[in-house]
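What follows is a short report on a single structure.
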Amino acid sequence: MKITLTTGTVLNEAAELAILACLEAAPLPEAVADLLEVADFSGKTSQTRLLYPRGAVLPKRLLLLGLGPADKLTTETLRRAAATAVRQARDLQVANVAFGLNDQLELAPALIGQALAEGAELGAYRYLRYKTGLKPEQTFAVEAMTLVTPEATDAMQAGVAVGQTIAGGVMLARNLVNTPPGVLTPAALADQAVALGERTGVAVTIFDKARLTEEGFGGLLAVGQGSANEPRLIVMEYGKAAEGRPTICLVGKGLTFDSGGLSLKPADAMTTMKSDMGGSAAVLGAMQVIAELQLPLHVVGLVPSAENMPSSTSYRPDDVLTTLSGKTIEVLNTDAEGRIVLADALFYAQRYNPAAIIELSTLTGAIVVALGSHATGMMGTNQELADAIKQAGETTGERVWQLPLWEEYHEMIKSEIADLKNIGGRQAGSITAGAFLAAFVGDYPFVHLDIAGTAYAEKPAQPYNVAGGTGVGVRLLTEFLRQYTDGV
Ligand code: BES
Ligand code: ZN
Ligand code: ZN
């Protein structure tokens with residue numbers, strides 16, 4: 001979408017549709033107040049009123065949009081507002097929409113621009129690749145948005161560019177999650193990473209099965225051995241480690257489909273398991289954004305990718321695996337496969353001597369029980385790092401909620417026959433999974449984000465999400481890394 005800025009008021013734009021976003025209880029321009037029964041619009045959160053001014057002001061249609069009270073206004077409010085505006089334009093088949101703010105907002109111009117651009121781009125997103133016979137009105141796309149503010153600044157313009165770049169990464173992640181699992185195999189995901197590298201200059205290396213075998217990725221190989229679609233490790237590297245340029249490792253679970261393996265999932269639980277690569281999608285999306293924003297960091301993205309299938313070659317319950325680290329795992333349930341592939345990738349991350357390892361995975365159904373779809377579960381070994389991620393979650397609206405990793409939880413995954421067992425029993429399912437992962441990161445600062453409830457939306461709660469992949473994690477990681485950069 002083309003997003004431009006102009007100085008002025010949206011009421012003077014000769015647009016097919018103009019949006020006037022208003023704080024609650026703030027005075028409306030006289031020309032607008034004259035157009036409606038005053039009680040019909042208060043500006044409360046998400047309230048909309050579509051007016052046909054018939055020449056009273058220049059826009060042909062005027063949508064009043066409530067932003068809620070000034071003291072509760074955040075960038076999330078603006079993201080939602082811009083998404084609502086774009087959706088309304090699409091409904092009305094208006095290709096060029098104007099968006100204006102009625103009030104002075106207590107937010108930095110760069111943040112306003114960023115949030116509006118993110119909301120507009122993400123609100124316009126749809127996944128139509130497998131729809132056939134669509135009519136033009138069903139594929140109609142909003143082409144341009146003009147942001148009209150009393151003072152269009154360079155800072156706001158720069159914010160718009162940042163927001164569009166970030167939204168691009170989110171949409172990449174959504175597309176990857178939404179792609180059917182027969183199409184997006186581990187090899188195809190690796191191809192996507194290679195293409196990303198060619199687009200952005202990120203260095204991408206793919207380990208195929210032969211290379212994984214040679215190097216001893218016993219966990220990733222075991223999980224993938226039941227599928228004809230062989231596993232891969234994707235290694236993406238942006239920038240180089242240097243003095244004042246610390247290394248951050250991003251690790252994403254890349255199960256292109258999780259049937260449960262021999263510990264087969266019931267049919268209802270198996271649908272949506274194409275989204276079991278949501279962590280990897282977030283890592284690819286974030287790598288793209290980091291490269292496009294040229295952040296002064298060294299960022300390594302690692303994706304262990306496999307398909308978990310039942311077959312005569314599958315790994316079994318009771319198997320004992322030797323991981324890349326040398327640590328052994330007793331398999332008690334082949335459906336707890338994410339932690340096994342991640343064990344190898346997390347251990348591999350240590351070779352980069354990273355300042356932080358941040359890992360994202362659709363890891364446990366238990367986190368969905370605990371937090372629903374409104375927050376990502378977080379566990380970590382370094383509170384400063386966890387606090388920074390928590391802050392990024394508040395800023396972006398991709399909220400995280402922390403659970404503890406006390407010693408007692410580590411006890412729950414000790415095995416009789418091997419070093420670790422891959423399930424810890426019915427209790428604290430998300431935490432024992434996190435504790436398992438923490439056994440493979442050494443002393444490096446580590447945060448685990450369980451996105452099982454947030455990566456895929458059956459009923460999206462925000463206007464900038466649609467049913468399907470959300471791209472969760474891209475905005476969170478980008479915000480964390482941008483703030484981290486400021487601190488270096
Ligand atoms: N991929 C699933 C977790 C999941 C569940 C993601 C629901 C998204 C939505 C994971 O591999 C899994 O199956 N976990 C098991 C672990 C159990 C066997 C200890 C689970 O949560 O049931
Ligand atoms: Zn599973
Ligand atoms: Zn899984």
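By convention here, the chains of the structure tokens are called A, B, ... in the order presented, each chain's residues are numbered starting at 1, and ligands are numbered starting at 1 in the order presented.
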
List as JSON lines every residue of chain A that is in contact with ligand 2, defined as an atom at most 7 Å from one of its atoms (using only C-alpha atoms and all ligand atoms), together with the nearest atom pair and the distance in Å rounded to one decimal, sorted by chain and then rising number.
```
{"residue": "A:Asp258", "atom": "CA", "partner": "ligand 2", "partner_atom_place_in_ligand_line": "1 (Zn)", "distance": 5.5}
{"residue": "A:Ser259", "atom": "CA", "partner": "ligand 2", "partner_atom_place_in_ligand_line": "1 (Zn)", "distance": 6.9}
{"residue": "A:Gly260", "atom": "CA", "partner": "ligand 2", "partner_atom_place_in_ligand_line": "1 (Zn)", "distance": 4.8}
{"residue": "A:Thr334", "atom": "CA", "partner": "ligand 2", "partner_atom_place_in_ligand_line": "1 (Zn)", "distance": 6.9}
{"residue": "A:Asp335", "atom": "CA", "partner": "ligand 2", "partner_atom_place_in_ligand_line": "1 (Zn)", "distance": 3.5}
{"residue": "A:Ala336", "atom": "CA", "partner": "ligand 2", "partner_atom_place_in_ligand_line": "1 (Zn)", "distance": 4.6}
{"residue": "A:Glu337", "atom": "CA", "partner": "ligand 2", "partner_atom_place_in_ligand_line": "1 (Zn)", "distance": 5.2}
{"residue": "A:Gly338", "atom": "CA", "partner": "ligand 2", "partner_atom_place_in_ligand_line": "1 (Zn)", "distance": 6.4}
```

Those same residues, written as a JSON list (two decimals), in the first residue's frame with N, CA, C and O atoms?
```json
[["chain", "number", "residue", "atom", "x", "y", "z"],
["A", 258, "ASP", "N", 2.62, -31.28, 12.43],
["A", 258, "ASP", "CA", 2.78, -32.11, 13.63],
["A", 258, "ASP", "C", 1.56, -33.00, 13.79],
["A", 258, "ASP", "O", 0.54, -32.59, 14.33],
["A", 259, "SER", "N", 1.70, -34.23, 13.30],
["A", 259, "SER", "CA", 0.59, -35.20, 13.47],
["A", 259, "SER", "C", 0.63, -35.81, 14.86],
["A", 259, "SER", "O", -0.31, -36.48, 15.28],
["A", 260, "GLY", "N", 1.71, -35.59, 15.58],
["A", 260, "GLY", "CA", 1.93, -36.26, 16.86],
["A", 260, "GLY", "C", 2.87, -37.44, 16.70],
["A", 260, "GLY", "O", 3.42, -37.94, 17.68],
["A", 334, "THR", "N", 5.88, -39.13, 21.41],
["A", 334, "THR", "CA", 6.47, -38.55, 20.19],
["A", 334, "THR", "C", 5.80, -37.24, 19.79],
["A", 334, "THR", "O", 6.26, -36.56, 18.87],
["A", 335, "ASP", "N", 4.72, -36.88, 20.48],
["A", 335, "ASP", "CA", 4.06, -35.61, 20.21],
["A", 335, "ASP", "C", 4.75, -34.45, 20.93],
["A", 335, "ASP", "O", 4.47, -33.29, 20.65],
["A", 336, "ALA", "N", 5.63, -34.76, 21.87],
["A", 336, "ALA", "CA", 6.41, -33.69, 22.50],
["A", 336, "ALA", "C", 7.72, -33.59, 21.72],
["A", 336, "ALA", "O", 8.82, -33.82, 22.24],
["A", 337, "GLU", "N", 7.58, -33.26, 20.43],
["A", 337, "GLU", "CA", 8.70, -33.30, 19.49],
["A", 337, "GLU", "C", 9.42, -31.95, 19.37],
["A", 337, "GLU", "O", 10.60, -31.91, 19.03],
["A", 338, "GLY", "N", 8.68, -30.87, 19.66],
["A", 338, "GLY", "CA", 9.27, -29.54, 19.46],
["A", 338, "GLY", "C", 10.51, -29.36, 20.32],
["A", 338, "GLY", "O", 11.57, -28.92, 19.83]]
```

- Long-range neighbours of range 371-374 of chain A as JSON, numbers by chain, 9 Å cut-off, only C-alpha atoms, 6 positions minimum in chain: {"A": [398, 399, 400, 401, 451, 452, 453, 454, 455, 456, 457, 461]}

Which residues of chain A have any atom within 9 Å of an atom in ligand 1 when counting only C-alpha atoms and all ligand atoms, and what is the closest pair of atoms for each, with the distance in Å to one decimal? Order the rows by chain and rising number and write it as a tab-separated table.
```
residue	atom	partner	partner_atom_place_in_ligand_line	distance
A:Leu255	CA	ligand 1	1 (N)	7.8
A:Phe257	CA	ligand 1	1 (N)	8.5
A:Asp258	CA	ligand 1	1 (N)	6.1
A:Ser259	CA	ligand 1	13 (O)	8.1
A:Gly260	CA	ligand 1	13 (O)	6.0
A:Ser263	CA	ligand 1	18 (C)	8.1
A:Lys265	CA	ligand 1	13 (O)	7.5
A:Ala269	CA	ligand 1	7 (C)	7.1
A:Met270	CA	ligand 1	7 (C)	8.6
A:Thr272	CA	ligand 1	9 (C)	7.5
A:Met273	CA	ligand 1	1 (N)	6.6
A:Ser275	CA	ligand 1	8 (C)	7.2
A:Asp276	CA	ligand 1	1 (N)	5.3
A:Met277	CA	ligand 1	1 (N)	8.6
A:Asn308	CA	ligand 1	11 (O)	8.9
A:Leu332	CA	ligand 1	18 (C)	8.5
A:Asn333	CA	ligand 1	18 (C)	5.7
A:Thr334	CA	ligand 1	18 (C)	7.2
A:Asp335	CA	ligand 1	13 (O)	4.5
A:Ala336	CA	ligand 1	16 (C)	4.3
A:Glu337	CA	ligand 1	11 (O)	5.4
A:Gly338	CA	ligand 1	11 (O)	5.2
A:Arg339	CA	ligand 1	11 (O)	7.9
A:Ser361	CA	ligand 1	6 (C)	8.2
A:Thr362	CA	ligand 1	6 (C)	4.5
A:Leu363	CA	ligand 1	3 (C)	4.5
A:Thr364	CA	ligand 1	21 (O)	3.5
A:Gly365	CA	ligand 1	21 (O)	3.5
A:Ala366	CA	ligand 1	21 (O)	5.5
A:Ile367	CA	ligand 1	21 (O)	7.9
A:Val368	CA	ligand 1	7 (C)	6.9
A:Asn422	CA	ligand 1	19 (C)	7.5
A:Ile423	CA	ligand 1	19 (C)	5.0
A:Gly424	CA	ligand 1	19 (C)	7.1
A:Gly425	CA	ligand 1	19 (C)	7.2
A:Arg426	CA	ligand 1	19 (C)	7.7
A:Gly429	CA	ligand 1	19 (C)	6.3
A:Ser430	CA	ligand 1	21 (O)	7.8
A:Thr432	CA	ligand 1	19 (C)	8.9
A:Ala433	CA	ligand 1	19 (C)	7.7
A:Asp450	CA	ligand 1	6 (C)	8.8
A:Ile451	CA	ligand 1	8 (C)	7.6
A:Ala452	CA	ligand 1	8 (C)	4.0
A:Gly453	CA	ligand 1	9 (C)	6.2
A:Thr454	CA	ligand 1	8 (C)	8.6
A:Ala455	CA	ligand 1	8 (C)	7.9
A:Tyr456	CA	ligand 1	8 (C)	7.9
```

Include C-alpha atoms and write out the residues we just selected as a PDB file, in the first residue's frame.
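Okay, this is what ended up in again.pdb:
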```
ATOM      1  CA  LEU A 255       7.525 -28.287  12.452  1.00  0.00           C
ATOM      2  CA  PHE A 257       3.256 -30.411  10.266  1.00  0.00           C
ATOM      3  CA  ASP A 258       2.784 -32.106  13.626  1.00  0.00           C
ATOM      4  CA  SER A 259       0.594 -35.196  13.473  1.00  0.00           C
ATOM      5  CA  GLY A 260       1.930 -36.262  16.856  1.00  0.00           C
ATOM      6  CA  SER A 263       1.668 -40.832  19.726  1.00  0.00           C
ATOM      7  CA  LYS A 265      -3.028 -36.646  17.847  1.00  0.00           C
ATOM      8  CA  ALA A 269      -6.233 -31.574  17.558  1.00  0.00           C
ATOM      9  CA  MET A 270      -4.412 -32.259  14.305  1.00  0.00           C
ATOM     10  CA  THR A 272      -4.187 -26.263  12.480  1.00  0.00           C
ATOM     11  CA  MET A 273      -0.934 -28.203  13.012  1.00  0.00           C
ATOM     12  CA  SER A 275       0.963 -23.725  12.208  1.00  0.00           C
ATOM     13  CA  ASP A 276       3.551 -25.689  14.191  1.00  0.00           C
ATOM     14  CA  MET A 277       6.198 -23.739  12.302  1.00  0.00           C
ATOM     15  CA  ASN A 308       6.382 -35.278  12.584  1.00  0.00           C
ATOM     16  CA  LEU A 332       7.926 -40.999  26.235  1.00  0.00           C
ATOM     17  CA  ASN A 333       5.600 -39.243  23.817  1.00  0.00           C
ATOM     18  CA  THR A 334       6.470 -38.553  20.186  1.00  0.00           C
ATOM     19  CA  ASP A 335       4.063 -35.606  20.206  1.00  0.00           C
ATOM     20  CA  ALA A 336       6.415 -33.689  22.498  1.00  0.00           C
ATOM     21  CA  GLU A 337       8.704 -33.298  19.494  1.00  0.00           C
ATOM     22  CA  GLY A 338       9.272 -29.535  19.462  1.00  0.00           C
ATOM     23  CA  ARG A 339      11.558 -29.569  22.493  1.00  0.00           C
ATOM     24  CA  SER A 361       7.766 -22.180  19.526  1.00  0.00           C
ATOM     25  CA  THR A 362       4.219 -23.431  19.343  1.00  0.00           C
ATOM     26  CA  LEU A 363       5.324 -25.754  22.100  1.00  0.00           C
ATOM     27  CA  THR A 364       2.479 -26.781  24.393  1.00  0.00           C
ATOM     28  CA  GLY A 365      -1.279 -27.065  24.459  1.00  0.00           C
ATOM     29  CA  ALA A 366      -0.936 -26.303  28.167  1.00  0.00           C
ATOM     30  CA  ILE A 367      -0.044 -22.673  27.468  1.00  0.00           C
ATOM     31  CA  VAL A 368      -3.317 -22.292  25.564  1.00  0.00           C
ATOM     32  CA  ASN A 422      10.609 -35.499  26.954  1.00  0.00           C
ATOM     33  CA  ILE A 423       7.461 -35.158  29.049  1.00  0.00           C
ATOM     34  CA  GLY A 424       7.085 -34.229  32.685  1.00  0.00           C
ATOM     35  CA  GLY A 425       3.616 -35.540  33.450  1.00  0.00           C
ATOM     36  CA  ARG A 426       0.277 -33.777  33.584  1.00  0.00           C
ATOM     37  CA  GLY A 429       3.174 -28.855  31.067  1.00  0.00           C
ATOM     38  CA  SER A 430       4.397 -25.550  29.666  1.00  0.00           C
ATOM     39  CA  THR A 432       8.503 -28.529  32.162  1.00  0.00           C
ATOM     40  CA  ALA A 433       8.810 -27.970  28.399  1.00  0.00           C
ATOM     41  CA  ASP A 450       5.546 -20.393  23.910  1.00  0.00           C
ATOM     42  CA  ILE A 451       3.338 -19.043  21.110  1.00  0.00           C
ATOM     43  CA  ALA A 452       0.998 -22.060  20.845  1.00  0.00           C
ATOM     44  CA  GLY A 453      -1.962 -19.832  21.737  1.00  0.00           C
ATOM     45  CA  THR A 454      -0.965 -16.738  19.781  1.00  0.00           C
ATOM     46  CA  ALA A 455       0.523 -17.904  16.464  1.00  0.00           C
ATOM     47  CA  TYR A 456      -2.741 -18.955  14.928  1.00  0.00           C
TER      48      TYR A 456
END
```

- Query: Out of range 197-401 of chain A, which residues get strand (DSSP E) from DSSP, as a PyMOL selection string?
  - Reply: chain A and resi 203-207+232-238+247-252+254-258+298-308+320-322+328-330+356-361+376-380+400-401

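Here the question is which of A:Asp318, A:Asp344, A:Glu307, A:Glu416 gets nearest to ligand 3 using only C-alpha atoms and all ligand atoms, and that residue is A:Glu307.
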
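Between CA of Ile431 in chain A and CA of Val474 in chain A the separation is 23.1 Å.
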
- Item | Test item: residues at most 8 Å from Thr323 in chain A, only C-alpha atoms, excluding those fewer than 2 positions along its chain, as a PyMOL selection string | chain A and resi 216-219+321+325-329+343-344

- Query: Between A:Val223, A:Leu437, A:Val170, A:Met287, which has the minimum distance to ligand 3 (counting only C-alpha atoms and all ligand atoms)?
  - Reply: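 Among the listed residues, the smallest separation from ligand 3 belongs to A:Val223.
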
- Please provide as JSON, numbers by chain all residues within 12 Å of Asp191 in chain A, with the sequence filter that same-chain residues fewer than 3 positions apart are discarded (counting only C-alpha atoms). {"A": [176, 183, 184, 185, 186, 187, 188, 194, 195, 196, 197, 198, 204, 205, 206, 207, 208, 232, 233, 234, 235, 284, 305]}

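Counting only C-alpha atoms and all ligand atoms and comparing A:Gly285, A:Gly471, A:Gly380, A:Gly279, the residue that lies closest to ligand 3 is A:Gly279.
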